[in-house]
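S.K.: Just one file: upload.cif, with mmCIF, C-alpha atoms and all ligand atoms.
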```
data_run
#
loop_
_atom_site.label_atom_id
_atom_site.label_comp_id
_atom_site.auth_asym_id
_atom_site.auth_seq_id
_atom_site.Cartn_x
_atom_site.Cartn_y
_atom_site.Cartn_z
CA MET A 1 -39.50 -14.42 -1.01
CA THR A 2 -37.24 -14.07 -4.01
CA SER A 3 -39.89 -13.01 -6.48
CA ALA A 4 -41.44 -10.69 -3.85
CA LEU A 5 -38.08 -8.96 -3.45
CA LYS A 6 -37.61 -8.85 -7.20
CA GLN A 7 -40.93 -7.04 -7.34
CA ALA A 8 -39.76 -4.69 -4.58
CA ALA A 9 -36.63 -3.96 -6.59
CA ASP A 10 -38.70 -3.20 -9.67
CA GLU A 11 -41.07 -1.01 -7.70
CA PHE A 12 -38.94 0.89 -5.18
CA LEU A 13 -35.47 1.39 -6.58
CA VAL A 14 -34.24 4.25 -8.71
CA ARG A 15 -33.07 2.84 -12.05
CA TYR A 16 -29.55 4.16 -12.10
CA GLY A 17 -28.49 3.16 -15.59
CA GLY A 18 -25.51 1.15 -16.73
CA ASP A 19 -25.54 -2.62 -16.88
CA VAL A 20 -28.06 -3.60 -14.23
CA PHE A 21 -28.66 -7.35 -14.23
CA PRO A 22 -32.16 -8.79 -14.07
CA ASN A 23 -31.44 -11.01 -11.04
CA LEU A 24 -30.98 -10.16 -7.35
CA PHE A 25 -27.82 -11.32 -5.60
CA THR A 26 -27.30 -12.78 -2.18
CA SER A 27 -23.66 -13.65 -1.57
CA ALA A 28 -20.14 -13.75 -2.95
CA LYS A 29 -16.94 -15.65 -2.20
CA GLY A 30 -13.60 -15.51 -4.00
CA THR A 31 -14.33 -15.24 -7.74
CA ILE A 32 -17.95 -16.41 -7.41
CA VAL A 33 -21.10 -14.36 -6.85
CA THR A 34 -24.41 -16.11 -6.24
CA ASP A 35 -27.91 -14.95 -7.14
CA SER A 36 -31.09 -15.52 -5.20
CA ASP A 37 -31.94 -18.59 -7.27
CA GLY A 38 -28.66 -20.11 -6.10
CA ARG A 39 -26.92 -19.70 -9.47
CA ASP A 40 -23.20 -18.99 -9.41
CA TYR A 41 -21.39 -16.56 -11.70
CA LEU A 42 -17.67 -16.13 -12.24
CA ASP A 43 -17.06 -12.47 -11.49
CA PHE A 44 -14.53 -11.24 -14.03
CA THR A 45 -15.29 -7.62 -13.05
CA SER A 46 -14.03 -8.14 -9.47
CA GLY A 47 -17.11 -6.33 -8.21
CA GLN A 48 -16.49 -3.18 -10.28
CA MET A 49 -12.73 -3.67 -9.76
CA CYS A 50 -12.93 -3.63 -5.95
CA ALA A 51 -12.68 -7.30 -4.93
CA THR A 52 -9.04 -7.54 -6.01
CA ILE A 53 -8.26 -10.03 -3.22
CA GLY A 54 -11.49 -11.95 -3.92
CA HIS A 55 -14.98 -11.41 -2.56
CA ASN A 56 -15.45 -11.73 1.20
CA HIS A 57 -11.86 -12.65 1.92
CA PRO A 58 -11.68 -14.04 5.49
CA ALA A 59 -9.15 -11.32 6.38
CA ILE A 60 -11.72 -8.64 5.48
CA VAL A 61 -14.46 -10.39 7.45
CA ALA A 62 -12.10 -10.59 10.46
CA ALA A 63 -11.16 -6.91 10.09
CA VAL A 64 -14.81 -5.86 10.09
CA GLU A 65 -15.39 -7.94 13.22
CA ARG A 66 -12.31 -6.51 14.90
CA ALA A 67 -13.34 -2.95 14.11
CA GLY A 68 -16.91 -3.65 15.23
CA LYS A 69 -15.62 -4.60 18.68
CA LYS A 70 -13.69 -1.33 18.95
CA ALA A 71 -14.95 1.93 17.50
CA PHE A 72 -16.30 1.76 14.02
CA HIS A 73 -17.15 5.39 13.74
CA LEU A 74 -15.95 8.50 15.54
CA PHE A 75 -16.17 12.28 15.45
CA SER A 76 -14.32 13.38 12.31
CA GLY A 77 -11.66 15.25 14.27
CA MET A 78 -10.66 12.18 16.29
CA ILE A 79 -7.95 10.28 14.47
CA PRO A 80 -8.17 6.56 15.24
CA GLU A 81 -4.89 4.70 15.86
CA VAL A 82 -5.60 2.37 12.96
CA VAL A 83 -5.76 5.31 10.53
CA ALA A 84 -2.25 6.40 11.55
CA GLU A 85 -1.10 2.80 11.03
CA LEU A 86 -2.64 2.61 7.56
CA ALA A 87 -1.02 5.91 6.55
CA GLN A 88 2.35 4.57 7.71
CA VAL A 89 1.99 1.26 5.86
CA LEU A 90 0.96 3.05 2.68
CA ALA A 91 3.92 5.44 2.87
CA THR A 92 6.42 2.76 3.80
CA ASP A 93 5.40 -0.07 1.49
CA TRP A 94 3.37 1.26 -1.40
CA LEU A 95 3.65 4.94 -2.30
CA PRO A 96 6.21 5.99 -4.90
CA GLY A 97 9.04 8.54 -4.58
CA ASP A 98 8.50 11.25 -2.02
CA ILE A 99 4.74 10.80 -1.73
CA ARG A 100 4.00 10.03 1.88
CA ARG A 101 1.09 11.94 3.45
CA SER A 102 -2.43 10.56 3.01
CA ILE A 103 -6.04 11.40 3.72
CA PHE A 104 -8.65 8.62 3.88
CA ILE A 105 -12.10 9.16 2.48
CA ASN A 106 -14.69 6.98 0.76
CA THR A 107 -14.95 6.72 -3.01
CA GLY A 108 -12.89 7.22 -6.13
CA SER A 109 -15.05 10.18 -7.10
CA GLU A 110 -14.42 11.80 -3.76
CA ALA A 111 -10.70 11.13 -4.10
CA THR A 112 -10.73 13.02 -7.40
CA GLU A 113 -12.53 15.94 -5.72
CA VAL A 114 -9.86 16.00 -2.99
CA ALA A 115 -7.01 15.81 -5.49
CA LEU A 116 -8.45 18.62 -7.63
CA ARG A 117 -9.09 20.76 -4.56
CA MET A 118 -5.49 20.24 -3.47
CA ALA A 119 -4.09 21.06 -6.91
CA LYS A 120 -6.25 24.16 -7.32
CA MET A 121 -5.39 25.47 -3.88
CA TYR A 122 -1.68 24.70 -4.22
CA THR A 123 -1.28 26.31 -7.63
CA GLY A 124 -3.92 29.02 -7.33
CA GLY A 125 -5.06 27.87 -10.78
CA TYR A 126 -8.19 26.13 -11.97
CA GLU A 127 -7.55 24.71 -15.44
CA VAL A 128 -7.20 20.96 -15.77
CA LEU A 129 -5.86 18.84 -18.60
CA VAL A 130 -7.42 15.38 -18.86
CA LEU A 131 -7.06 12.41 -21.17
CA GLY A 132 -9.80 11.45 -23.60
CA GLY A 133 -11.58 8.30 -22.45
CA SER A 134 -10.76 9.01 -18.82
CA TRP A 135 -13.02 8.16 -15.91
CA HIS A 136 -12.41 9.91 -12.61
CA GLY A 137 -15.86 9.76 -11.05
CA ILE A 138 -19.43 10.91 -11.02
CA THR A 139 -19.55 13.90 -8.65
CA GLY A 140 -19.36 17.51 -9.91
CA GLY A 141 -15.62 18.08 -10.25
CA ALA A 142 -14.83 14.45 -11.03
CA ALA A 143 -17.50 14.24 -13.75
CA ALA A 144 -16.11 17.43 -15.27
CA VAL A 145 -12.79 15.69 -15.88
CA SER A 146 -14.26 12.36 -17.03
CA MET A 147 -14.51 11.77 -20.76
CA ALA A 148 -15.35 8.07 -21.11
CA SER A 149 -19.08 8.52 -21.57
CA ASP A 150 -21.32 11.21 -22.93
CA ARG A 151 -22.65 13.89 -20.63
CA LYS A 152 -26.37 13.33 -20.81
CA GLY A 153 -27.74 13.73 -17.30
CA TYR A 154 -24.56 15.31 -15.97
CA GLY A 155 -25.50 18.96 -16.26
CA VAL A 156 -23.06 21.43 -17.76
CA PRO A 157 -19.42 20.83 -16.87
CA PRO A 158 -17.48 23.78 -15.52
CA PRO A 159 -15.08 25.59 -17.84
CA GLY A 160 -11.34 25.13 -17.71
CA VAL A 161 -11.15 21.48 -18.76
CA PHE A 162 -8.91 20.66 -21.76
CA VAL A 163 -8.69 17.24 -23.36
CA ILE A 164 -5.53 15.46 -24.50
CA PRO A 165 -6.33 12.70 -27.04
CA GLU A 166 -5.66 9.43 -25.24
CA PRO A 167 -2.92 7.20 -26.63
CA ASN A 168 -4.44 4.27 -28.48
CA ALA A 169 -2.04 2.16 -30.51
CA TYR A 170 -4.94 0.27 -32.14
CA ARG A 171 -6.89 3.39 -33.11
CA PRO A 172 -4.50 6.35 -33.06
CA TYR A 173 -6.03 9.79 -33.59
CA ILE A 174 -2.95 10.91 -35.47
CA ALA A 175 -1.09 7.90 -36.83
CA LYS A 176 2.58 8.77 -37.03
CA GLY A 177 5.43 6.27 -37.07
CA SER A 178 5.77 4.28 -33.89
CA GLU A 179 3.28 4.05 -31.03
CA ASP A 180 5.42 6.49 -29.02
CA GLU A 181 5.64 8.99 -31.86
CA SER A 182 1.92 8.88 -32.41
CA ALA A 183 1.08 9.39 -28.72
CA LEU A 184 3.60 12.22 -28.42
CA ALA A 185 2.34 13.95 -31.58
CA ASN A 186 -1.18 13.97 -30.14
CA LEU A 187 0.09 15.34 -26.86
CA GLU A 188 2.16 18.04 -28.51
CA LEU A 189 -0.84 19.30 -30.47
CA ALA A 190 -3.10 19.27 -27.40
CA LEU A 191 -0.51 21.19 -25.38
CA LYS A 192 -0.12 23.74 -28.18
CA MET A 193 -3.89 24.30 -28.18
CA PHE A 194 -3.92 24.50 -24.40
CA ASP A 195 -1.10 27.05 -24.32
CA MET A 196 -2.93 29.20 -26.88
CA GLN A 197 -6.22 29.14 -25.02
CA SER A 198 -5.18 28.88 -21.38
CA SER A 199 -5.78 31.77 -19.00
CA GLY A 200 -2.34 30.98 -17.63
CA ARG A 201 -3.90 29.57 -14.48
CA GLY A 202 -3.35 25.86 -14.89
CA ALA A 203 -3.85 23.62 -11.87
CA ALA A 204 -3.32 20.02 -12.88
CA ILE A 205 -2.93 17.27 -15.39
CA ILE A 206 -4.90 14.24 -14.30
CA ALA A 207 -4.38 10.78 -15.80
CA GLU A 208 -5.13 7.13 -15.18
CA PRO A 209 -2.00 5.00 -15.65
CA VAL A 210 -4.19 2.58 -17.60
CA ILE A 211 -7.15 4.32 -19.24
CA SER A 212 -9.58 1.68 -18.18
CA ALA A 213 -13.17 2.76 -18.83
CA GLY A 214 -11.94 4.32 -22.07
CA GLY A 215 -10.99 0.87 -23.42
CA VAL A 216 -8.11 -0.49 -21.28
CA LEU A 217 -5.40 1.56 -22.95
CA VAL A 218 -1.84 1.44 -21.65
CA PRO A 219 -0.04 4.65 -22.64
CA PRO A 220 3.58 4.42 -23.77
CA LYS A 221 6.10 5.18 -21.02
CA ALA A 222 7.39 8.14 -23.04
CA PHE A 223 3.88 9.64 -22.99
CA MET A 224 3.59 9.50 -19.20
CA LYS A 225 7.07 10.99 -18.84
CA ALA A 226 6.01 13.76 -21.22
CA LEU A 227 2.95 14.46 -19.05
CA ARG A 228 5.29 14.89 -16.08
CA LYS A 229 7.39 17.35 -18.06
CA ALA A 230 4.34 19.22 -19.37
CA ALA A 231 3.02 19.69 -15.84
CA ASP A 232 6.39 20.88 -14.53
CA GLU A 233 6.89 23.34 -17.37
CA ARG A 234 3.52 24.95 -16.68
CA GLY A 235 3.66 24.95 -12.87
CA MET A 236 0.80 22.46 -12.76
CA LEU A 237 0.56 19.38 -10.57
CA LEU A 238 0.45 15.87 -12.00
CA ILE A 239 -2.30 13.69 -10.53
CA PHE A 240 -2.35 9.94 -11.09
CA ASP A 241 -5.72 8.33 -10.56
CA GLU A 242 -4.75 4.86 -9.40
CA ALA A 243 -8.27 3.71 -8.51
CA GLN A 244 -7.71 0.57 -10.55
CA THR A 245 -3.97 0.33 -11.00
CA ALA A 246 -2.67 0.58 -7.42
CA PHE A 247 -1.97 -2.45 -5.25
CA GLY A 248 -1.12 -5.16 -7.74
CA ARG A 249 -3.86 -5.34 -10.37
CA ILE A 250 -1.38 -4.53 -13.18
CA GLY A 251 1.41 -6.68 -11.78
CA LYS A 252 3.20 -3.73 -10.20
CA LYS A 253 2.70 -2.01 -6.87
CA THR A 254 1.38 1.04 -8.70
CA GLY A 255 1.11 2.49 -12.18
CA SER A 256 3.64 5.06 -11.08
CA GLU A 257 6.15 2.25 -10.49
CA TYR A 258 5.53 0.79 -13.95
CA PHE A 259 6.00 4.10 -15.76
CA GLY A 260 8.88 5.30 -13.59
CA VAL A 261 6.99 8.56 -13.15
CA VAL A 262 6.15 9.97 -9.74
CA PRO A 263 3.08 12.21 -9.69
CA ASP A 264 2.50 15.03 -7.19
CA ILE A 265 -0.80 13.62 -6.02
CA MET A 266 -2.03 10.06 -6.21
CA THR A 267 -5.58 8.83 -5.69
CA MET A 268 -6.46 5.25 -4.73
CA SER A 269 -9.79 3.59 -4.07
CA LYS A 270 -11.56 0.36 -5.18
CA THR A 271 -8.94 -2.29 -4.20
CA LEU A 272 -7.96 -0.47 -1.02
CA GLY A 273 -11.32 -1.16 0.64
CA GLY A 274 -11.63 -4.65 -0.86
CA GLY A 275 -15.30 -3.89 -1.54
CA LEU A 276 -15.89 -1.42 1.28
CA PRO A 277 -15.91 2.30 0.46
CA LEU A 278 -12.37 3.37 1.30
CA ALA A 279 -10.29 5.77 -0.78
CA ALA A 280 -7.04 7.60 -0.20
CA VAL A 281 -5.34 10.67 -1.61
CA SER A 282 -1.62 10.95 -1.04
CA THR A 283 0.88 13.70 -1.71
CA THR A 284 4.33 14.98 -0.81
CA GLU A 285 5.45 16.61 2.40
CA ALA A 286 6.08 19.89 0.57
CA ILE A 287 2.62 20.07 -0.99
CA GLU A 288 0.86 19.02 2.21
CA SER A 289 2.80 21.62 4.22
CA LYS A 290 1.84 24.46 1.92
CA LEU A 291 -1.79 23.33 1.83
CA HIS A 292 -1.83 23.15 5.61
CA ASP A 293 -0.35 26.66 5.87
CA ASP A 294 -3.10 27.84 3.52
CA HIS A 295 -5.78 26.25 5.77
CA PHE A 296 -6.70 23.35 3.50
CA THR A 297 -9.86 21.67 4.74
CA TYR A 298 -11.54 18.48 3.74
CA TYR A 299 -13.73 17.45 6.61
CA THR A 300 -16.50 14.90 6.06
CA SER A 301 -18.58 12.57 8.24
CA HIS A 302 -16.49 9.59 7.15
CA VAL A 303 -12.98 11.01 6.84
CA SER A 304 -10.45 8.86 8.77
CA ASP A 305 -13.00 6.11 9.29
CA PRO A 306 -11.65 3.43 11.68
CA LEU A 307 -13.63 0.47 10.31
CA LEU A 308 -12.54 1.20 6.77
CA ALA A 309 -8.92 1.72 7.82
CA GLU A 310 -8.94 -1.64 9.60
CA VAL A 311 -10.16 -3.22 6.36
CA GLY A 312 -7.63 -1.29 4.24
CA LEU A 313 -4.78 -2.56 6.41
CA ALA A 314 -6.08 -6.11 6.09
CA VAL A 315 -6.31 -5.81 2.30
CA LEU A 316 -2.72 -4.56 2.00
CA ARG A 317 -1.50 -7.34 4.30
CA VAL A 318 -3.24 -9.98 2.18
CA ILE A 319 -1.75 -8.57 -1.03
CA THR A 320 1.71 -8.78 0.52
CA GLU A 321 1.34 -12.15 2.26
CA GLU A 322 -0.35 -13.90 -0.67
CA LYS A 323 2.17 -12.32 -3.08
CA LEU A 324 -0.67 -11.08 -5.26
CA VAL A 325 1.38 -8.54 -7.21
CA ALA A 326 3.47 -11.34 -8.70
CA ARG A 327 0.35 -13.49 -9.06
CA ALA A 328 -1.30 -10.80 -11.20
CA ASN A 329 1.55 -11.19 -13.69
CA GLU A 330 1.49 -14.95 -13.61
CA MET A 331 -2.27 -15.36 -13.98
CA GLY A 332 -2.41 -12.39 -16.37
CA ALA A 333 0.03 -14.17 -18.70
CA TYR A 334 -2.10 -17.32 -18.51
CA LEU A 335 -5.32 -15.40 -19.23
CA ARG A 336 -3.72 -13.52 -22.11
CA GLY A 337 -2.46 -16.79 -23.57
CA ARG A 338 -5.98 -18.23 -23.48
CA PHE A 339 -7.33 -15.14 -25.26
CA GLU A 340 -4.60 -15.35 -27.88
CA GLY A 341 -5.85 -18.88 -28.48
CA LEU A 342 -9.38 -17.54 -29.02
CA GLN A 343 -8.00 -14.84 -31.31
CA GLN A 344 -6.66 -17.56 -33.63
CA LYS A 345 -10.21 -18.79 -33.92
CA TYR A 346 -12.17 -15.54 -34.19
CA GLU A 347 -11.53 -12.83 -36.73
CA GLN A 348 -13.63 -10.58 -34.47
CA ILE A 349 -11.01 -10.44 -31.70
CA GLY A 350 -9.08 -7.47 -33.00
CA ASP A 351 -6.75 -6.54 -30.19
CA ILE A 352 -5.67 -7.92 -26.82
CA ARG A 353 -4.01 -5.46 -24.50
CA GLY A 354 -3.52 -4.45 -20.89
CA MET A 355 -1.26 -5.43 -18.05
CA GLY A 356 -1.35 -8.06 -15.31
CA LEU A 357 -4.96 -8.93 -14.63
CA LEU A 358 -6.40 -5.84 -16.27
CA LEU A 359 -6.91 -6.93 -19.84
CA GLY A 360 -8.81 -5.34 -22.72
CA VAL A 361 -10.09 -7.40 -25.63
CA GLU A 362 -11.35 -5.31 -28.53
CA LEU A 363 -14.08 -6.68 -30.78
CA VAL A 364 -14.22 -5.73 -34.44
CA SER A 365 -16.29 -6.78 -37.41
CA ASP A 366 -13.07 -7.97 -39.10
CA ARG A 367 -9.38 -7.38 -38.54
CA ASN A 368 -8.82 -5.48 -41.76
CA SER A 369 -11.42 -2.76 -41.35
CA ARG A 370 -11.20 -2.72 -37.52
CA ARG A 371 -14.80 -1.53 -37.51
CA PRO A 372 -16.10 -1.61 -33.91
CA ALA A 373 -18.44 -4.57 -33.29
CA HIS A 374 -20.76 -2.93 -30.78
CA GLN A 375 -23.68 -5.29 -31.28
CA LEU A 376 -21.53 -8.36 -30.99
CA GLY A 377 -20.03 -6.96 -27.79
CA GLY A 378 -23.44 -6.41 -26.23
CA LEU A 379 -24.81 -9.77 -27.31
CA THR A 380 -21.85 -11.87 -26.18
CA THR A 381 -21.64 -10.10 -22.83
CA LYS A 382 -25.34 -10.87 -22.25
CA LYS A 383 -24.85 -14.49 -23.27
CA CYS A 384 -21.82 -14.82 -21.01
CA PHE A 385 -23.96 -13.73 -18.08
CA GLU A 386 -26.63 -16.31 -18.99
CA TYR A 387 -23.92 -18.99 -18.98
CA GLY A 388 -22.46 -17.89 -15.66
CA LEU A 389 -19.77 -15.30 -16.43
CA SER A 390 -20.08 -11.68 -15.35
CA MET A 391 -18.02 -9.43 -17.58
CA ASN A 392 -17.79 -5.79 -18.38
CA ILE A 393 -17.91 -4.28 -21.83
CA ARG A 394 -16.71 -0.74 -22.49
CA ARG A 395 -18.37 0.80 -25.53
CA ARG A 396 -17.51 4.15 -27.06
CA PRO A 397 -19.15 4.84 -30.42
CA GLU A 398 -16.05 5.87 -32.35
CA ARG A 399 -13.45 4.20 -30.19
CA GLY A 400 -14.56 0.57 -30.13
CA SER A 401 -16.14 -2.14 -28.02
CA VAL A 402 -13.76 -3.60 -25.48
CA TRP A 403 -14.26 -6.34 -22.93
CA ARG A 404 -12.58 -5.40 -19.70
CA ILE A 405 -11.37 -8.63 -18.16
CA ALA A 406 -10.35 -8.22 -14.56
CA PRO A 407 -10.93 -11.18 -12.25
CA PRO A 408 -9.71 -11.11 -8.64
CA LEU A 409 -5.94 -11.64 -8.39
CA THR A 410 -6.75 -14.84 -6.49
CA VAL A 411 -8.43 -16.37 -9.57
CA SER A 412 -7.41 -19.97 -10.40
CA THR A 413 -6.39 -21.41 -13.77
CA GLU A 414 -9.51 -23.63 -13.61
CA GLU A 415 -11.71 -20.56 -13.22
CA ILE A 416 -9.95 -18.87 -16.14
CA ASP A 417 -10.42 -22.00 -18.27
CA HIS A 418 -14.09 -22.11 -17.38
CA ALA A 419 -14.54 -18.39 -18.22
CA VAL A 420 -12.80 -18.83 -21.57
CA GLU A 421 -15.04 -21.82 -22.38
CA ILE A 422 -18.11 -19.66 -21.68
CA LEU A 423 -16.74 -16.82 -23.79
CA ASP A 424 -15.94 -19.16 -26.64
CA ARG A 425 -19.49 -20.51 -26.59
CA ALA A 426 -21.04 -17.02 -26.31
CA LEU A 427 -18.97 -15.75 -29.24
CA ARG A 428 -19.72 -18.78 -31.40
CA GLU A 429 -23.45 -18.53 -30.75
CA SER A 430 -23.55 -14.76 -31.25
CA LEU A 431 -21.88 -15.13 -34.65
CA ASP A 432 -24.23 -17.88 -35.85
N1 LIG B 1 -11.26 6.79 -11.03
C1 LIG B 1 -11.19 5.66 -11.76
C2 LIG B 1 -9.96 5.37 -12.56
C3 LIG B 1 -12.26 4.77 -11.75
O1 LIG B 1 -12.20 3.65 -12.47
C4 LIG B 1 -13.40 5.07 -10.96
C5 LIG B 1 -14.59 4.14 -10.89
N2 LIG B 1 -14.88 3.43 -12.02
C6 LIG B 1 -13.42 6.26 -10.25
C7 LIG B 1 -12.32 7.09 -10.29
C8 LIG B 1 -14.61 6.63 -9.43
O2 LIG B 1 -14.68 5.84 -8.31
P1 LIG B 1 -16.05 5.63 -7.54
O3 LIG B 1 -16.98 4.91 -8.45
O4 LIG B 1 -15.63 4.84 -6.34
O5 LIG B 1 -16.56 6.96 -7.15
#
```
Transcribe the structure of this file into structure tokens.
M.R.:
Amino acid sequence: MTSALKQAADEFLVRYGGDVFPNLFTSAKGTIVTDSDGRDYLDFTSGQMCATIGHNHPAIVAAVERAGKKAFHLFSGMIPEVVAELAQVLATDWLPGDIRRSIFINTGSEATEVALRMAKMYTGGYEVLVLGGSWHGITGGAAAVSMASDRKGYGVPPPGVFVIPEPNAYRPYIAKGSEDESALANLELALKMFDMQSSGRGAAIIAEPVISAGGVLVPPKAFMKALRKAADERGMLLIFDEAQTAFGRIGKKTGSEYFGVVPDIMTMSKTLGGGLPLAAVSTTEAIESKLHDDHFTYYTSHVSDPLLAEVGLAVLRVITEEKLVARANEMGAYLRGRFEGLQQKYEQIGDIRGMGLLLGVELVSDRNSRRPAHQLGGLTTKKCFEYGLSMNIRRRPERGSVWRIAPPLTVSTEEIDHAVEILDRALRESLD
């Protein structure tokens, strides 16, 4: 059965790139995913950052059952009660400042499309400033503002996208004094270039609070505040893409809360659906009102989906009841401590960074040269998988090889210890 299905996978699936593992998988629970040979793996990617409350949490299973007994899909114009409830919970308990109105759709890419559509319609502009190393999605508009990977296979991006060099304290583009000064100097130059070349029709600045795919980079607070100011001064909207940072992963409710900066539009996905495709875009009353007056439309087959909303509500309840925001800090500190221990041992662990349970560990050939250790990154990640640890490596040719370590917030210290043991072994063997 297993090998027949493996053959079917080899024969009938489109090979979609990225890190596709050789095995097929059958089930997942908590931090563990299991393959069809019955082997368990610690999932330190949280299922591409979605299983923040752990895989197949009983509350999600119950929510799916509950929704299945009611209506799990309706005509797009019929707003299910549970969608109104989710919008209220988001606004009341999670969204920052005066952000309160939400639309519920399916993926992070789609959320970016919605946010860009809103910003372009609201401002009447079309130009967008993005951070280097950003990832906002794979669809047309979202891919156009994503800089973390090269563009082979993407087609030609539309014009009007300007890049701000991402803050990176370990590899600054322009090194100048403190981390803040360096980040601000890069921003100032990018804005100067933008102002010289802009058509004057700017729509938005879009940023991830932690630049995750680009190497788990946490910008200085002063940088995010400066983005807010830059958007205001140019009549552009500030969009925060909180696909990964919202709902506890970084030990705060949102990235916005950490930076003390309220954007105009916020996108959320991944965690919100706990593994099901639910995303949200939220904005202020004032922006929503103007968009509505201007006949804003975003009408899809799965907008306001009741099953997904039921799951989203369950996920938010679990995060609150199990106090997972605080847990992200607690377990994050433990995980970081264990990596600092490994760093004592390995010259190749150049930098450890991140927040809560979103950590980046940068691999270098040696700490003096800081030369990216791409091969080592690839080899150890493969070995980790062989020994039962699923981990993500982010590789950008000039910008380094970085493990992104992001287990579910429900991870135990024993699971962390086990993962670190595997990593230690994989590193040791790769260096032999
Ligand atoms: N924004 C960010 C910050 C992301 O990390 C991702 C996914 N990696 C996306 C948007 C796109 O989300 P999706 O893959 O659900 O379309």
S.K.: Pick out the residues sitting within 8 Å of Glu85 in chain A, and hand them over as a PyMOL selection string; count only C-alpha atoms, and ignore anything fewer than 4 positions along from it in its own chain.
M.R.: chain A and resi 81+89+313
S.K.: I need the residue nearest Glu386 in chain A from this list: A:Arg317, A:Ser3, A:Leu363, A:Pro22. Use only C-alpha atoms for the distance.
M.R.: A:Pro22
S.K.: Quick one: distance from CA of Ala204 in chain A to CA of Ile164 in chain A in Å, one decimal?
M.R.: 12.7 Å
S.K.: List the spatial neighbours of range 339-342 of chain A as number ranges by chain - criterion: any atom at most 10 Å away, only C-alpha atoms, same-chain residues fewer than 6 positions off excluded.
M.R.: A: 333, 348-349, 351-352, 359, 361, 420-421, 423-424, 427
S.K.: Would you mind exporting the chosen residues as a compact mmCIF listing (two decimals), in the coordinates of the input, restricted to C-alpha atoms?
M.R.:
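Saved result, out_19.txt, follows:
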```
# COMPACT_ATOMS: atom_id res chain seq x y z
CA ALA A 333 0.03 -14.17 -18.70
CA GLN A 348 -13.63 -10.58 -34.47
CA ILE A 349 -11.01 -10.44 -31.70
CA ASP A 351 -6.75 -6.54 -30.19
CA ILE A 352 -5.67 -7.92 -26.82
CA LEU A 359 -6.91 -6.93 -19.84
CA VAL A 361 -10.09 -7.40 -25.63
CA VAL A 420 -12.80 -18.83 -21.57
CA GLU A 421 -15.04 -21.82 -22.38
CA LEU A 423 -16.74 -16.82 -23.79
CA ASP A 424 -15.94 -19.16 -26.64
CA LEU A 427 -18.97 -15.75 -29.24
```
S.K.: May I ask you to write as a list in words all residues lying at most 6 Å from ligand LIG 1 (chain B), with all atoms listed in the file counted?
M.R.: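 Sorted by chain and then by number, the residues are Thr107, Gly108, Ser109, Trp135, His136, Gly137, Glu208, Asp241, Ala243 and Gln244 of chain A.
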S.K.: One number please: CA of Val64 in chain A to CA of Ala84 in chain A, in Å, one decimal.
M.R.: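 Computing the Euclidean distance for CA of Val64 in chain A and CA of Ala84 in chain A yields 17.6 Å.
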S.K.: Mind checking which residues fall within 9 Å of range 178-192 of chain A, counting all atoms listed in the file, ignoring those fewer than 4 positions away in the same chain, and posting them as a PyMOL selection string?
M.R.: chain A and resi 129+162-169+172-174+196-197+219-223+226-227+230
S.K.: Grab the residues selected above and save them as a tab-separated table (two decimals), keeping the file's coordinate frame with C-alpha atoms.
M.R.:
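part-v2.tsv written:
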```tsv
chain	number	residue	atom	x	y	z
A	129	LEU	CA	-5.86	18.84	-18.60
A	162	PHE	CA	-8.91	20.66	-21.76
A	163	VAL	CA	-8.69	17.24	-23.36
A	164	ILE	CA	-5.53	15.46	-24.50
A	165	PRO	CA	-6.33	12.70	-27.04
A	166	GLU	CA	-5.66	9.43	-25.24
A	167	PRO	CA	-2.92	7.20	-26.63
A	168	ASN	CA	-4.44	4.27	-28.48
A	169	ALA	CA	-2.04	2.16	-30.51
A	172	PRO	CA	-4.50	6.35	-33.06
A	173	TYR	CA	-6.03	9.79	-33.59
A	174	ILE	CA	-2.95	10.91	-35.47
A	196	MET	CA	-2.93	29.20	-26.88
A	197	GLN	CA	-6.22	29.14	-25.02
A	219	PRO	CA	-0.04	4.65	-22.64
A	220	PRO	CA	3.58	4.42	-23.77
A	221	LYS	CA	6.10	5.18	-21.02
A	222	ALA	CA	7.39	8.14	-23.04
A	223	PHE	CA	3.88	9.64	-22.99
A	226	ALA	CA	6.01	13.76	-21.22
A	227	LEU	CA	2.95	14.46	-19.05
A	230	ALA	CA	4.34	19.22	-19.37
```
S.K.: Counting only C-alpha atoms, which residues come within 9 Å of (8.0, 7.9, -13.1), with the point read in the file's coordinates, and could you list them as number ranges by chain?
M.R.: A: 96-97, 221, 224-225, 228, 255-263
S.K.: Considering all atoms listed in the file, state which residue in the set A:Ala87, A:Arg353, A:Thr283, A:Thr123 is at the smallest distance from Arg336 in chain A.
M.R.: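 Distance minimum relative to Arg336 in chain A lands on A:Arg353.
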